[in-house]
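Enquirer: Contents are TSV, C-alpha atoms; file name my_file_5.tsv:
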```
chain	number	residue	atom	x	y	z
A	134	MET	CA	70.42	85.55	76.39
A	135	ASN	CA	73.84	83.93	76.29
A	136	ILE	CA	77.22	85.59	76.67
A	137	ILE	CA	80.68	84.04	76.67
A	138	LEU	CA	82.24	84.67	80.10
A	139	ASN	CA	85.92	83.78	80.36
A	140	GLY	CA	85.51	81.23	77.59
A	141	GLU	CA	82.31	79.59	78.90
A	142	THR	CA	78.72	80.16	77.86
A	143	ARG	CA	76.63	81.82	80.56
A	144	GLU	CA	72.99	82.82	80.48
A	145	VAL	CA	72.07	86.31	81.70
A	146	ALA	CA	68.87	88.32	81.55
A	147	GLU	CA	68.19	90.58	78.57
A	148	GLY	CA	69.49	94.09	79.24
A	149	THR	CA	71.99	93.01	81.90
A	150	ARG	CA	74.60	95.70	82.52
A	151	LEU	CA	78.20	95.04	83.51
A	152	SER	CA	77.54	96.39	87.01
A	153	GLU	CA	74.80	93.77	87.45
A	154	LEU	CA	77.10	91.01	86.23
A	155	VAL	CA	79.77	92.13	88.74
A	156	GLU	CA	77.16	91.98	91.50
A	157	THR	CA	75.94	88.54	90.41
A	158	LEU	CA	79.51	87.22	90.44
A	159	ALA	CA	80.17	88.74	93.90
A	160	LEU	CA	83.19	90.70	92.63
A	161	ALA	CA	82.36	94.00	94.34
A	162	GLY	CA	85.33	95.35	96.25
A	163	GLN	CA	87.85	93.21	94.38
A	164	ARG	CA	90.49	94.38	91.94
A	165	PHE	CA	89.72	93.37	88.37
A	166	ALA	CA	89.31	94.63	84.82
A	167	ILE	CA	86.65	93.69	82.28
A	168	GLU	CA	86.96	93.44	78.51
A	169	VAL	CA	83.90	93.10	76.31
A	170	ASN	CA	84.67	91.88	72.80
A	171	ALA	CA	88.38	92.61	73.35
A	172	GLU	CA	87.72	96.22	74.40
A	173	LEU	CA	88.52	97.35	77.94
A	174	VAL	CA	85.51	98.90	79.68
A	175	PRO	CA	86.39	101.49	82.34
A	176	ARG	CA	84.92	100.75	85.78
A	177	SER	CA	83.15	104.12	85.64
A	178	ARG	CA	81.08	102.82	82.69
A	179	PHE	CA	80.02	99.46	84.15
A	180	SER	CA	76.59	100.78	85.15
A	181	GLU	CA	75.86	102.11	81.67
A	182	HIS	CA	77.32	99.27	79.58
A	183	PRO	CA	74.59	96.80	78.53
A	184	LEU	CA	75.53	93.33	77.41
A	185	SER	CA	74.36	91.96	74.08
A	186	PRO	CA	73.79	88.36	72.98
A	187	ASN	CA	77.05	86.50	72.32
A	188	ASP	CA	79.25	89.24	73.83
A	189	ARG	CA	82.66	87.88	74.80
A	190	VAL	CA	83.35	89.04	78.36
A	191	GLU	CA	86.75	88.51	79.96
A	192	ILE	CA	87.24	89.32	83.64
A	193	ILE	CA	90.88	89.68	84.60
A	194	GLN	CA	91.56	89.70	88.34
A	195	ALA	CA	94.60	91.48	89.74
A	196	VAL	CA	97.01	89.21	91.59
A	197	GLY	CA	99.62	90.66	93.91
A	198	GLY	CA	103.07	89.26	94.18
A	199	GLY	CA	106.63	90.14	94.07
```
Take the structure in this file and express it as structure tokens.
Expert:
Amino acid sequence: MNIILNGETREVAEGTRLSELVETLALAGQRFAIEVNAELVPRSRFSEHPLSPNDRVEIIQAVGGG
């Protein structure tokens, strides 16, 4: 199935959960937030949040600075 990841179409397996997407993108251990269809998903729910066809997923990475 296709999702829209940061504005680009990406194919993922049916039933993919956010935690699996994070693993696929090698983001584990990094600071980031994920919105699905403009709704923030808490990190504690990544493993139980399945993706659906055409979901719009935005991954926002934290950048330090001062």
Enquirer: May I have the protein, DNA and RNA residues with any atom at most 12 Å from the point (88.9, 94.7, 82.2), counting all atoms listed in the file, written as a list of chain:residue names?
Expert: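 Within the cut-off we find A:Asn139, A:Leu151, A:Val155, A:Arg164, A:Phe165, A:Ala166, A:Ile167, A:Glu168, A:Val169, A:Asn170, A:Ala171, A:Glu172, A:Leu173, A:Val174, A:Pro175, A:Arg176, A:Ser177, A:Arg178, A:Phe179, A:Arg189, A:Val190, A:Glu191, A:Ile192, A:Ile193, A:Gln194, A:Ala195.
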Enquirer: If we draw a sphere of 8 Å around (66.9, 87.3, 76.1), which residues have at least one atom in it when counting only C-alpha atoms? Please report them as a ChimeraX atom specification.
Expert: /A:134-135,145-148,186
Enquirer: Please indicate the distance in Å from atom CA of His182 of chain A to atom CA of Gly197 of chain A, rounded to one decimal place.
Expert: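 Going from atom CA of His182 of chain A over to atom CA of Gly197 of chain A covers 27.9 Å.
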Enquirer: Record the distance separating atom CA of Glu181 of chain A and atom CA of Leu160 of chain A, expressed in Å with one decimal.
Expert: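 Those two atoms sit 17.4 Å apart.
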Enquirer: Could you check how far atom CA of Ala159 of chain A sits from atom CA of Glu144 of chain A, in Å to one decimal?
Expert: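 For atom CA of Ala159 of chain A relative to atom CA of Glu144 of chain A, the distance reads 16.3 Å.
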Enquirer: To test the calculation: enclose all listed atoms of segment 153-169 of chain A in a box whose edges run along x, y and z, add 3 Å on each side, then state centre and edge lengths in Å to one decimal, as AutoDock Vina command-line options.
Expert:
```
--center_x 82.6 --center_y 91.3 --center_z 86.3 --size_x 21.7 --size_y 14.1 --size_z 25.9
```
